[in-house]
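Engineer: mmCIF, C-alpha atoms, file data.cif:
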```cif
data_upload
#
loop_
_atom_site.label_atom_id
_atom_site.label_comp_id
_atom_site.auth_asym_id
_atom_site.auth_seq_id
_atom_site.Cartn_x
_atom_site.Cartn_y
_atom_site.Cartn_z
CA MET A 24 -36.30 65.91 -65.43
CA ASP A 25 -38.05 63.48 -63.11
CA THR A 26 -35.47 61.46 -61.18
CA SER A 27 -37.95 59.91 -58.78
CA ARG A 28 -38.78 56.92 -60.97
CA VAL A 29 -37.14 53.54 -60.38
CA VAL A 30 -36.57 51.59 -63.59
CA LEU A 31 -34.75 48.29 -63.94
CA HIS A 32 -33.42 46.77 -67.13
CA VAL A 33 -32.84 43.03 -66.97
CA ASP A 34 -30.73 41.39 -69.68
CA MET A 35 -30.46 37.59 -69.80
CA ASN A 36 -26.79 36.91 -70.57
CA CYS A 37 -26.00 35.02 -73.81
CA PHE A 38 -29.68 34.10 -73.85
CA TYR A 39 -29.94 31.31 -76.43
CA ALA A 40 -26.73 29.67 -75.20
CA SER A 41 -27.82 30.06 -71.57
CA VAL A 42 -31.11 28.31 -72.29
CA GLU A 43 -29.29 25.46 -74.04
CA MET A 44 -26.97 25.08 -71.06
CA ALA A 45 -29.93 25.16 -68.66
CA GLU A 46 -31.55 22.34 -70.64
CA ARG A 47 -28.27 20.44 -71.03
CA PRO A 48 -26.15 20.91 -67.88
CA GLU A 49 -23.26 19.01 -69.48
CA LEU A 50 -22.68 22.10 -71.67
CA ARG A 51 -22.11 24.47 -68.76
CA GLY A 52 -18.71 26.11 -68.69
CA LYS A 53 -17.98 25.09 -72.27
CA PRO A 54 -17.69 27.19 -75.44
CA VAL A 55 -21.25 26.83 -76.77
CA ILE A 56 -22.43 28.42 -80.01
CA VAL A 57 -26.05 28.56 -81.10
CA GLY A 58 -25.86 28.75 -84.88
CA GLY A 59 -28.09 28.61 -87.92
CA ASP A 60 -28.50 25.88 -90.49
CA GLU A 61 -25.44 25.96 -92.76
CA GLU A 62 -27.06 23.72 -95.36
CA ASN A 63 -29.89 26.24 -95.70
CA ARG A 64 -27.39 29.15 -95.72
CA HIS A 65 -28.20 30.43 -92.27
CA GLY A 66 -24.70 29.55 -91.05
CA ILE A 67 -24.00 32.39 -88.64
CA VAL A 68 -23.50 32.68 -84.90
CA LEU A 69 -26.77 33.67 -83.24
CA THR A 70 -25.23 33.79 -79.78
CA ALA A 71 -22.31 32.26 -77.93
CA SER A 72 -21.44 31.48 -74.33
CA TYR A 73 -18.77 33.56 -72.65
CA PRO A 74 -16.07 30.85 -72.96
CA ALA A 75 -16.64 31.01 -76.73
CA LYS A 76 -16.70 34.82 -76.74
CA TRP A 77 -13.43 34.93 -74.82
CA ARG A 78 -11.88 32.94 -77.67
CA GLY A 79 -12.99 35.50 -80.25
CA VAL A 80 -16.42 34.24 -81.31
CA LYS A 81 -18.85 37.08 -82.06
CA THR A 82 -22.54 37.30 -82.86
CA ALA A 83 -23.28 37.27 -86.63
CA MET A 84 -19.88 35.73 -87.37
CA ALA A 85 -19.95 32.97 -89.99
CA LEU A 86 -19.78 29.54 -88.37
CA TRP A 87 -16.65 28.62 -90.31
CA GLU A 88 -14.97 31.71 -88.84
CA ALA A 89 -16.20 30.77 -85.38
CA ARG A 90 -14.72 27.27 -85.74
CA ARG A 91 -11.40 28.77 -86.75
CA ALA A 92 -11.44 31.09 -83.72
CA CYS A 93 -12.57 28.35 -81.35
CA PRO A 94 -12.01 24.83 -82.74
CA GLU A 95 -13.35 23.19 -79.58
CA ALA A 96 -16.71 25.03 -79.80
CA ILE A 97 -19.90 23.01 -79.45
CA ILE A 98 -22.40 24.20 -82.06
CA VAL A 99 -26.09 23.54 -81.45
CA PRO A 100 -29.10 24.49 -83.62
CA PRO A 101 -31.55 27.13 -82.39
CA ARG A 102 -34.82 26.16 -80.75
CA TYR A 103 -36.95 29.28 -80.89
CA GLY A 104 -39.98 27.73 -79.24
CA LEU A 105 -37.86 26.86 -76.22
CA TYR A 106 -36.41 30.36 -76.03
CA MET A 107 -39.88 31.90 -76.17
CA ALA A 108 -40.97 29.61 -73.32
CA TYR A 109 -38.03 30.75 -71.17
CA SER A 110 -38.78 34.37 -72.02
CA ALA A 111 -42.36 33.88 -70.82
CA LYS A 112 -41.09 32.28 -67.58
CA ALA A 113 -38.82 35.26 -67.01
CA ARG A 114 -41.74 37.66 -67.44
CA LYS A 115 -43.71 35.72 -64.83
CA ILE A 116 -40.89 36.38 -62.37
CA TYR A 117 -40.76 40.08 -63.29
CA ASN A 118 -44.54 40.38 -62.90
CA GLN A 119 -44.19 39.37 -59.26
CA TYR A 120 -42.54 42.75 -58.70
CA THR A 121 -44.61 45.01 -60.99
CA ASP A 122 -47.26 44.97 -63.69
CA LEU A 123 -45.17 47.46 -65.69
CA VAL A 124 -42.93 45.06 -67.60
CA GLU A 125 -41.87 45.99 -71.13
CA PRO A 126 -40.02 43.35 -73.19
CA PHE A 127 -37.23 44.47 -75.50
CA GLY A 128 -36.88 41.32 -77.55
CA LEU A 129 -36.96 37.90 -75.90
CA ASP A 130 -34.00 38.35 -73.56
CA GLU A 131 -34.40 41.89 -72.24
CA ALA A 132 -37.06 43.78 -70.32
CA TRP A 133 -37.64 47.03 -68.47
CA LEU A 134 -39.44 47.01 -65.12
CA ASP A 135 -40.90 50.14 -63.54
CA ILE A 136 -40.96 49.44 -59.79
CA THR A 137 -41.56 53.03 -58.69
CA ASP A 138 -44.88 52.22 -57.05
CA THR A 139 -43.99 48.74 -55.84
CA VAL A 140 -40.47 49.11 -54.49
CA GLY A 141 -41.93 49.79 -51.05
CA HIS A 142 -42.79 46.09 -50.77
CA ALA A 143 -39.03 45.41 -50.71
CA GLY A 144 -38.31 47.85 -47.93
CA GLY A 145 -38.00 50.80 -50.26
CA ASP A 146 -34.60 49.75 -51.58
CA PRO A 147 -34.41 49.26 -55.41
CA LEU A 148 -31.04 47.57 -55.02
CA LEU A 149 -32.63 44.78 -52.98
CA VAL A 150 -35.18 44.15 -55.73
CA ALA A 151 -32.46 44.05 -58.38
CA GLN A 152 -30.34 41.70 -56.28
CA GLU A 153 -33.29 39.39 -55.63
CA ILE A 154 -34.13 39.13 -59.33
CA SER A 155 -30.47 38.55 -60.12
CA GLU A 156 -30.36 35.68 -57.63
CA ARG A 157 -33.70 34.12 -58.59
CA MET A 158 -33.09 33.88 -62.34
CA PRO A 159 -30.21 31.35 -62.23
CA LEU A 160 -31.90 29.41 -59.44
CA GLU A 161 -35.29 29.14 -61.14
CA LEU A 162 -34.38 29.29 -64.84
CA GLY A 163 -30.69 28.42 -64.93
CA CYS A 164 -29.89 31.71 -66.70
CA THR A 165 -27.82 34.54 -65.28
CA VAL A 166 -28.84 38.16 -65.83
CA SER A 167 -27.27 41.58 -65.75
CA VAL A 168 -29.38 44.31 -64.17
CA GLY A 169 -29.26 48.07 -64.55
CA VAL A 170 -31.05 50.42 -62.15
CA SER A 171 -31.75 54.06 -62.91
CA TRP A 172 -34.48 56.69 -63.09
CA ASN A 173 -34.96 56.24 -66.85
CA LYS A 174 -35.00 53.45 -69.42
CA VAL A 175 -31.91 54.59 -71.35
CA PHE A 176 -29.55 54.59 -68.37
CA ALA A 177 -31.11 51.42 -66.95
CA LYS A 178 -30.20 49.63 -70.19
CA PHE A 179 -26.74 51.16 -70.15
CA GLY A 180 -26.36 49.79 -66.63
CA SER A 181 -27.26 46.23 -67.63
CA ASP A 182 -24.72 46.41 -70.47
CA TYR A 183 -22.04 47.98 -68.23
CA ASP A 184 -21.10 44.93 -66.17
CA LYS A 185 -21.50 41.55 -67.86
CA PRO A 186 -22.09 38.78 -67.07
CA ASP A 187 -24.17 38.65 -63.90
CA GLY A 188 -23.59 42.30 -63.02
CA LEU A 189 -25.64 44.92 -61.22
CA THR A 190 -25.09 48.62 -61.89
CA VAL A 191 -26.94 51.55 -60.36
CA ILE A 192 -26.85 54.87 -62.23
CA THR A 193 -28.02 58.01 -60.44
CA PRO A 194 -27.91 61.71 -61.28
CA HIS A 195 -24.90 61.89 -58.94
CA ASN A 196 -22.73 59.23 -60.63
CA MET A 197 -23.80 59.43 -64.26
CA ALA A 198 -20.94 61.78 -65.14
CA ASP A 199 -18.45 59.23 -63.77
CA VAL A 200 -20.11 56.04 -65.06
CA VAL A 201 -21.98 56.90 -68.25
CA TRP A 202 -20.29 59.92 -69.77
CA PRO A 203 -16.77 58.45 -70.22
CA ALA A 204 -18.20 55.57 -72.31
CA LYS A 205 -18.08 55.52 -76.11
CA VAL A 206 -21.11 56.93 -77.89
CA ARG A 207 -21.77 53.50 -79.44
CA ASP A 208 -22.66 52.25 -75.94
CA LEU A 209 -25.80 54.40 -75.94
CA ILE A 210 -29.03 52.84 -77.16
CA TYR A 211 -29.89 53.73 -80.76
CA VAL A 212 -26.39 54.93 -81.60
CA GLY A 213 -25.58 52.46 -84.36
CA PRO A 214 -22.62 52.46 -86.76
CA ALA A 215 -24.07 55.12 -89.06
CA THR A 216 -24.93 57.48 -86.20
CA GLU A 217 -21.55 56.83 -84.62
CA ARG A 218 -19.77 57.83 -87.85
CA LYS A 219 -21.73 61.09 -88.02
CA LEU A 220 -20.92 61.90 -84.39
CA HIS A 221 -17.24 61.09 -84.90
CA ALA A 222 -17.21 63.45 -87.90
CA MET A 223 -18.38 66.17 -85.50
CA GLY A 224 -15.61 65.32 -83.03
CA ILE A 225 -17.97 63.58 -80.61
CA PHE A 226 -16.56 60.30 -79.28
CA THR A 227 -17.95 59.86 -75.76
CA ILE A 228 -21.44 60.02 -74.29
CA GLY A 229 -20.36 62.99 -72.20
CA GLU A 230 -19.25 64.90 -75.29
CA LEU A 231 -22.61 64.10 -76.87
CA ALA A 232 -24.46 65.33 -73.78
CA GLN A 233 -22.64 68.67 -73.97
CA ALA A 234 -22.78 69.04 -77.76
CA ASP A 235 -24.48 72.00 -79.41
CA ALA A 236 -28.12 71.14 -80.11
CA TYR A 237 -28.29 73.25 -83.28
CA ALA A 238 -25.21 71.58 -84.77
CA LEU A 239 -26.59 68.12 -84.01
CA LYS A 240 -29.94 68.87 -85.58
CA ARG A 241 -28.30 70.37 -88.66
CA SER A 242 -26.10 67.32 -89.12
CA MET A 243 -28.44 64.52 -88.06
CA GLY A 244 -31.94 65.91 -87.96
CA LYS A 245 -34.32 65.07 -85.13
CA MET A 246 -32.36 61.94 -84.21
CA GLY A 247 -29.41 64.09 -83.19
CA LEU A 248 -31.52 65.78 -80.55
CA VAL A 249 -32.96 62.44 -79.44
CA VAL A 250 -29.58 60.82 -78.74
CA ARG A 251 -28.36 64.04 -77.08
CA SER A 252 -31.31 63.90 -74.68
CA PHE A 253 -30.53 60.22 -74.04
CA ALA A 254 -26.94 61.12 -73.18
CA ARG A 255 -28.17 63.76 -70.72
CA GLY A 256 -30.54 61.33 -68.99
CA GLU A 257 -33.56 63.31 -70.21
CA ASP A 258 -35.60 60.25 -71.10
CA ASP A 259 -39.15 60.20 -69.78
CA ALA A 260 -40.44 57.34 -71.94
CA PRO A 261 -42.83 55.19 -69.90
CA VAL A 262 -42.37 51.47 -69.36
CA ARG A 263 -45.18 50.04 -71.47
CA PRO A 264 -46.67 46.82 -70.05
CA PHE A 265 -46.55 43.63 -72.08
CA GLU A 266 -49.83 42.51 -73.62
CA PRO A 267 -49.98 38.71 -74.09
CA GLY A 268 -52.53 39.03 -76.89
CA LEU A 269 -50.03 40.95 -78.98
CA GLY A 270 -47.14 38.50 -78.55
CA ASP A 271 -43.85 40.39 -78.71
CA ILE A 272 -45.30 43.08 -80.98
CA GLU A 273 -45.67 46.47 -79.36
CA HIS A 274 -49.14 47.92 -78.88
CA GLU A 275 -48.43 50.85 -81.17
CA VAL A 276 -46.90 48.64 -83.82
CA LYS A 277 -45.52 50.49 -86.83
CA GLY A 278 -45.19 47.60 -89.25
CA VAL A 279 -45.27 43.85 -89.72
CA GLY A 280 -42.61 42.20 -91.85
CA ASN A 281 -41.00 38.92 -92.73
CA GLY A 282 -37.87 38.00 -94.65
CA ILE A 283 -35.87 34.92 -95.42
CA THR A 284 -32.43 33.94 -96.60
CA ALA A 285 -33.35 31.31 -99.17
CA PRO A 286 -31.57 27.92 -99.14
CA PHE A 287 -30.83 28.47 -102.85
CA ASP A 288 -30.14 31.36 -105.23
CA ILE A 289 -33.33 32.88 -106.62
CA GLU A 290 -32.63 33.24 -110.32
CA ASP A 291 -35.97 33.66 -112.06
CA ASP A 292 -39.18 35.65 -111.89
CA VAL A 293 -41.38 32.64 -111.06
CA THR A 294 -39.34 31.53 -108.04
CA ALA A 295 -39.01 35.13 -106.83
CA ARG A 296 -42.78 35.49 -106.87
CA GLN A 297 -43.26 32.18 -105.08
CA VAL A 298 -40.90 33.15 -102.25
CA THR A 299 -42.43 36.64 -102.04
CA TRP A 300 -45.88 35.09 -101.70
CA LEU A 301 -44.61 32.86 -98.88
CA MET A 302 -43.31 35.89 -97.00
CA GLY A 303 -46.32 38.06 -97.80
CA GLU A 304 -48.78 35.41 -96.72
CA SER A 305 -47.28 35.27 -93.23
CA VAL A 306 -47.37 39.08 -93.06
CA ALA A 307 -51.06 39.13 -93.99
CA GLN A 308 -51.75 36.37 -91.47
CA ARG A 309 -50.15 38.42 -88.69
CA LEU A 310 -52.05 41.55 -89.68
CA ARG A 311 -55.33 39.67 -89.37
CA ALA A 312 -54.26 38.14 -86.05
CA HIS A 313 -53.73 41.62 -84.59
CA GLY A 314 -56.73 43.31 -86.19
CA LEU A 315 -54.65 45.58 -88.43
CA ALA A 316 -54.69 46.62 -92.07
CA ALA A 317 -51.86 48.14 -94.10
CA ARG A 318 -51.85 51.19 -96.33
CA THR A 319 -48.27 50.61 -97.51
CA VAL A 320 -46.59 47.46 -98.82
CA SER A 321 -42.86 47.14 -99.47
CA ALA A 322 -40.61 44.37 -100.78
CA TRP A 323 -36.84 44.02 -100.67
CA GLY A 324 -34.23 41.71 -102.12
CA ARG A 325 -30.56 41.06 -101.33
CA ASP A 326 -28.09 40.46 -104.15
CA PHE A 327 -26.33 37.09 -103.90
CA ARG A 328 -22.91 38.54 -104.87
CA THR A 329 -22.65 41.87 -103.08
CA LEU A 330 -25.24 41.21 -100.34
CA ALA A 331 -26.53 44.73 -101.05
CA SER A 332 -30.27 45.21 -100.51
CA ARG A 333 -32.79 47.21 -102.52
CA SER A 334 -36.40 47.87 -101.66
CA ARG A 335 -39.51 49.42 -103.17
CA GLN A 336 -42.79 50.41 -101.61
CA THR A 337 -46.19 51.64 -102.68
CA THR A 338 -49.24 53.12 -100.99
CA LEU A 339 -52.46 51.28 -101.68
CA ALA A 340 -55.78 52.82 -102.64
CA ARG A 341 -57.33 51.38 -99.47
CA PRO A 342 -56.00 49.63 -96.37
CA THR A 343 -55.82 45.86 -96.68
CA GLN A 344 -55.16 42.68 -94.77
CA LEU A 345 -55.98 40.43 -97.74
CA THR A 346 -53.33 37.87 -98.61
CA SER A 347 -53.78 38.28 -102.36
CA GLU A 348 -53.49 42.07 -102.32
CA ILE A 349 -50.42 42.15 -100.09
CA CYS A 350 -48.64 39.28 -101.86
CA SER A 351 -49.35 40.34 -105.45
CA THR A 352 -48.34 43.94 -104.68
CA ALA A 353 -45.10 42.82 -103.03
CA ALA A 354 -44.26 40.40 -105.85
CA ASP A 355 -44.81 43.09 -108.49
CA LEU A 356 -42.59 45.52 -106.58
CA LEU A 357 -39.79 43.00 -106.19
CA CYS A 358 -39.78 41.77 -109.78
CA ALA A 359 -39.85 45.34 -111.11
CA ASP A 360 -36.65 46.04 -109.20
CA TRP A 361 -34.60 42.97 -110.23
CA ASP A 362 -33.94 41.94 -113.83
CA PHE A 363 -33.74 38.16 -113.67
CA ALA A 364 -33.63 37.90 -117.47
CA HIS A 365 -30.22 39.59 -117.40
CA GLY A 366 -28.57 37.64 -114.61
CA ALA A 367 -30.01 39.03 -111.38
CA LYS A 368 -29.83 36.56 -108.50
CA LEU A 369 -31.18 37.05 -105.01
CA ARG A 370 -30.02 35.53 -101.76
CA ALA A 371 -32.82 36.90 -99.60
CA ILE A 372 -36.32 38.33 -99.98
CA GLY A 373 -38.57 40.19 -97.55
CA VAL A 374 -42.02 41.76 -97.39
CA ARG A 375 -43.25 44.46 -95.03
CA ALA A 376 -46.65 46.02 -94.36
CA SER A 377 -46.67 49.46 -92.73
CA ASN A 378 -48.70 52.64 -92.33
CA LEU A 379 -51.11 50.53 -90.29
CA VAL A 380 -54.70 51.26 -89.26
CA PRO A 381 -57.31 49.27 -87.34
CA ALA A 382 -58.89 46.72 -89.66
CA ASP A 383 -62.39 47.72 -88.57
CA ALA A 384 -61.95 51.37 -89.57
CA TRP A 385 -64.64 52.80 -91.83
CA VAL A 386 -64.04 52.58 -95.59
CA GLN A 387 -65.81 54.22 -98.51
CA LEU A 388 -67.86 51.60 -100.34
CA ASP A 389 -67.87 51.49 -104.14
CA VAL A 390 -70.90 51.22 -106.42
CA PHE A 391 -69.58 48.17 -108.27
CA GLY A 392 -69.73 45.68 -105.40
CA GLU A 393 -65.96 45.18 -105.09
CA GLU A 394 -66.12 45.50 -101.33
CA ALA A 395 -68.48 42.53 -101.11
CA ALA A 396 -66.00 40.43 -103.10
CA ARG A 397 -63.15 41.57 -100.85
CA GLN A 398 -65.17 40.57 -97.80
CA ARG A 399 -65.71 37.09 -99.22
CA GLU A 400 -61.98 36.79 -99.83
CA LEU A 401 -61.28 37.98 -96.29
CA ASP A 402 -63.66 35.33 -94.92
CA LEU A 403 -61.69 32.70 -96.86
CA ASP A 404 -58.38 34.03 -95.50
CA ARG A 405 -59.73 33.83 -91.97
CA THR A 406 -60.92 30.27 -92.53
CA VAL A 407 -57.42 29.31 -93.66
CA ASP A 408 -55.97 31.10 -90.62
CA ASP A 409 -58.26 29.09 -88.36
CA LEU A 410 -57.27 25.78 -89.96
CA ARG A 411 -53.58 26.61 -89.63
CA ALA A 412 -54.03 27.66 -86.01
CA ARG A 413 -55.71 24.35 -85.23
CA PHE A 414 -53.65 21.95 -87.34
CA GLY A 415 -50.37 23.76 -88.10
CA ASN A 416 -49.22 26.12 -90.81
CA HIS A 417 -48.76 23.29 -93.31
CA ALA A 418 -52.40 22.19 -93.01
CA VAL A 419 -53.29 24.44 -95.97
CA ARG A 420 -50.61 25.08 -98.56
CA ARG A 421 -50.32 26.62 -101.99
CA LEU A 422 -49.73 24.40 -104.98
CA SER A 423 -46.54 26.31 -105.83
CA GLU A 424 -44.99 25.17 -102.54
CA LEU A 425 -45.84 21.55 -103.18
CA CYS A 426 -44.58 21.64 -106.76
CA ASP A 427 -41.19 23.06 -105.78
CA GLY A 428 -39.47 20.81 -103.25
CA ARG A 429 -37.07 23.58 -102.32
CA LEU A 430 -39.97 25.53 -100.83
CA SER A 431 -41.82 22.68 -99.18
CA SER A 432 -39.88 22.79 -95.90
CA LEU A 433 -40.22 26.55 -95.41
CA ASP A 434 -42.67 27.77 -92.78
CA PRO A 435 -42.19 31.53 -92.49
CA GLU A 436 -44.91 31.98 -89.88
CA ARG A 437 -43.37 29.38 -87.55
CA ASP A 438 -39.71 30.17 -88.22
CA ASN A 439 -39.97 33.94 -87.87
CA VAL A 440 -42.01 34.70 -84.80
CA VAL A 441 -39.79 37.09 -82.85
CA HIS A 442 -40.76 40.76 -83.12
CA PRO A 443 -38.31 43.02 -81.27
CA VAL A 444 -40.20 45.83 -79.58
CA SER A 445 -39.27 49.34 -80.58
CA PHE A 446 -38.00 51.64 -77.82
CA PHE A 447 -40.09 54.50 -79.19
CA ALA A 448 -43.78 54.73 -78.46
#
```
Any chance you could give the structure as structure tokens?
Structural biologist:
Amino acid sequence: MDTSRVVLHVDMNCFYASVEMAERPELRGKPVIVGGDEENRHGIVLTASYPAKWRGVKTAMALWEARRACPEAIIVPPRYGLYMAYSAKARKIYNQYTDLVEPFGLDEAWLDITDTVGHAGGDPLLVAQEISERMPLELGCTVSVGVSWNKVFAKFGSDYDKPDGLTVITPHNMADVVWPAKVRDLIYVGPATERKLHAMGIFTIGELAQADAYALKRSMGKMGLVVRSFARGEDDAPVRPFEPGLGDIEHEVKGVGNGITAPFDIEDDVTARQVTWLMGESVAQRLRAHGLAARTVSAWGRDFRTLASRSRQTTLARPTQLTSEICSTAADLLCADWDFAHGAKLRAIGVRASNLVPADAWVQLDVFGEEAARQRELDLDRTVDDLRARFGNHAVRRLSELCDGRLSSLDPERDNVVHPVSFFA
């Protein structure tokens, strides 16, 4: 394993709340909650300042629960455009130290300073300290920084000491710092993976690092070996530089999706199709923006009572980025899976396009001229995209949106613009 690399992971503490406090200094030091729109059934905690967290407020908690835990909390609505602007400002600071900056969502990023650390006297700790000091001065947001030879341990380091911490993890101290921690503290060990590891008697990262590889693979498949290598510090994944033209979507993007918790229960086939088309249209729009086409389309719904989700997918005869093909396929999949005539009600709906290929890849033409018709439809889609880019997403709208007032305020392309970047290349 190569331990000569120098990788930082910078995590902006309580990001949304920090941005709100930077914009409104009178909020500093107070229990601030950034929460969704309760009237439109998005009433959960998106993030909270540390004074609110210390009183028991947690991310994803319902706002009514948060108020009960912290009655004096100040709840503010999210402003995603503002958060994206701060994220871009942070990247500009990072880029002054290296071109190898890989975002992990809006508030986190890896920096590979292996080849540039010499400009700071050859001391990675000085670079980390300088970034840690500049962020609150220039943006008003504190950060936690992890320093290591790989991305996994660098992220562990930024999570280790919050807020405003700096942790260095080396091959010499990893057994003392990383290995005693719970396995859930390792990236990509979620609740399901944690339960499987616990069933095998594995509770700490150190126990995972020393676990039998064959037993892990038998129990968990390839992912068992992946998290074991993470625990051992055997991560050689490169820091992939951010590409502005791709937004926060990774270069090797695996899928494009969009979902929404509707501000009302979806109780009939017609409304379900309308909402599915809204989601699917934004997915198709993003595919075209990034020059991609999808071979697979999937749709999912969440039951309004149990909150359980079900999804279906299908592989298309040819890759597509056409709005009509993606939306009609998704709507058919969703409505085949939920029986609205017998009382089915949905709280949320989503559409995803995956199995992606470049849109300009060669395709086999047919003898009936269908490809010419598809090209005309694609030209129309692109014209609509251009109008929306110039005049806003509501410049061109479907009649179904205008006829149903409940849908008229929804703008899935504007309201769902954050694409967390996958760790895996």
Engineer: Report as a list in words all protein, DNA and RNA residues lying within 12 Å of Asp404 (chain A), evaluated on all atoms listed in the file, omitting residues in the same chain fewer than 3 positions from it.
Structural biologist: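 In the requested format, the answer is Glu304, Ser305, Ala307, Gln308, Arg309, Leu310, Arg311, Ala312, Gln344, Leu345, Thr346, Ser347, Glu348, Arg397, Gln398, Arg399, Glu400, Leu401, Val407, Asp408, Asp409, Leu410, Arg411 and Val419 of chain A.
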Engineer: What would the file look like if the residues just selected were written as a tab-separated table (two decimals), in the frame of the given file with C-alpha atoms?
Structural biologist:
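This is the output file part-v9.tsv:
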```
chain	number	residue	atom	x	y	z
A	304	GLU	CA	-48.78	35.41	-96.72
A	305	SER	CA	-47.28	35.27	-93.23
A	307	ALA	CA	-51.06	39.13	-93.99
A	308	GLN	CA	-51.75	36.37	-91.47
A	309	ARG	CA	-50.15	38.42	-88.69
A	310	LEU	CA	-52.05	41.55	-89.68
A	311	ARG	CA	-55.33	39.67	-89.37
A	312	ALA	CA	-54.26	38.14	-86.05
A	344	GLN	CA	-55.16	42.68	-94.77
A	345	LEU	CA	-55.98	40.43	-97.74
A	346	THR	CA	-53.33	37.87	-98.61
A	347	SER	CA	-53.78	38.28	-102.36
A	348	GLU	CA	-53.49	42.07	-102.32
A	397	ARG	CA	-63.15	41.57	-100.85
A	398	GLN	CA	-65.17	40.57	-97.80
A	399	ARG	CA	-65.71	37.09	-99.22
A	400	GLU	CA	-61.98	36.79	-99.83
A	401	LEU	CA	-61.28	37.98	-96.29
A	407	VAL	CA	-57.42	29.31	-93.66
A	408	ASP	CA	-55.97	31.10	-90.62
A	409	ASP	CA	-58.26	29.09	-88.36
A	410	LEU	CA	-57.27	25.78	-89.96
A	411	ARG	CA	-53.58	26.61	-89.63
A	419	VAL	CA	-53.29	24.44	-95.97
```
Engineer: So how far away is CA of Cys350 (chain A) from CA of Trp300 (chain A), in Å?
Structural biologist: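 Rounded to one decimal, the two atoms are 5.0 Å apart.
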Engineer: For the PyMOL selection byres ((chain A and resi 29) around 6), applied here, can you spell out every residue it catches as a PyMOL selection string?
Structural biologist: chain A and resi 28+30+135-137+171-172
Engineer: Could those residues be written to a file, using C-alpha atoms, as a short mmCIF file (atom, residue, chain, number, x, y, z; two decimals), in the coordinates of the input?
Structural biologist:
```cif
data_model
loop_
_atom_site.label_atom_id
_atom_site.label_comp_id
_atom_site.auth_asym_id
_atom_site.auth_seq_id
_atom_site.Cartn_x
_atom_site.Cartn_y
_atom_site.Cartn_z
CA ARG A 28 -38.78 56.92 -60.97
CA VAL A 30 -36.57 51.59 -63.59
CA ASP A 135 -40.90 50.14 -63.54
CA ILE A 136 -40.96 49.44 -59.79
CA THR A 137 -41.56 53.03 -58.69
CA SER A 171 -31.75 54.06 -62.91
CA TRP A 172 -34.48 56.69 -63.09
#
```
Engineer: Care to translate the PyMOL selection byres ((chain A and resi 177) around 12) into actual residues of this file, as a PyMOL selection string?
Structural biologist: chain A and resi 28-34+131-135+151+167-176+178-184+189-193+197+201+209-210+253+256+258+262
Engineer: Just so the selection is clear, what residues does the PyMOL selection byres ((chain A and resi 157) around 12) cover here, as a ChimeraX atom specification?
Structural biologist: /A:112-113,115-117,119,150-156,158-166,187
Engineer: Figure out the distance between CA of Arg325 (chain A) and CA of Ile283 (chain A), please, to one decimal in Å.
Structural biologist: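 So the answer is 10.0 Å.
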Engineer: Restricting the calculation to only C-alpha atoms, which member of A:Thr26, A:Ser110, A:Asn118, A:Thr70 is positioned closest to Pro264 (chain A)?
Structural biologist: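 Smallest separation from Pro264 (chain A) among the options: A:Asn118.
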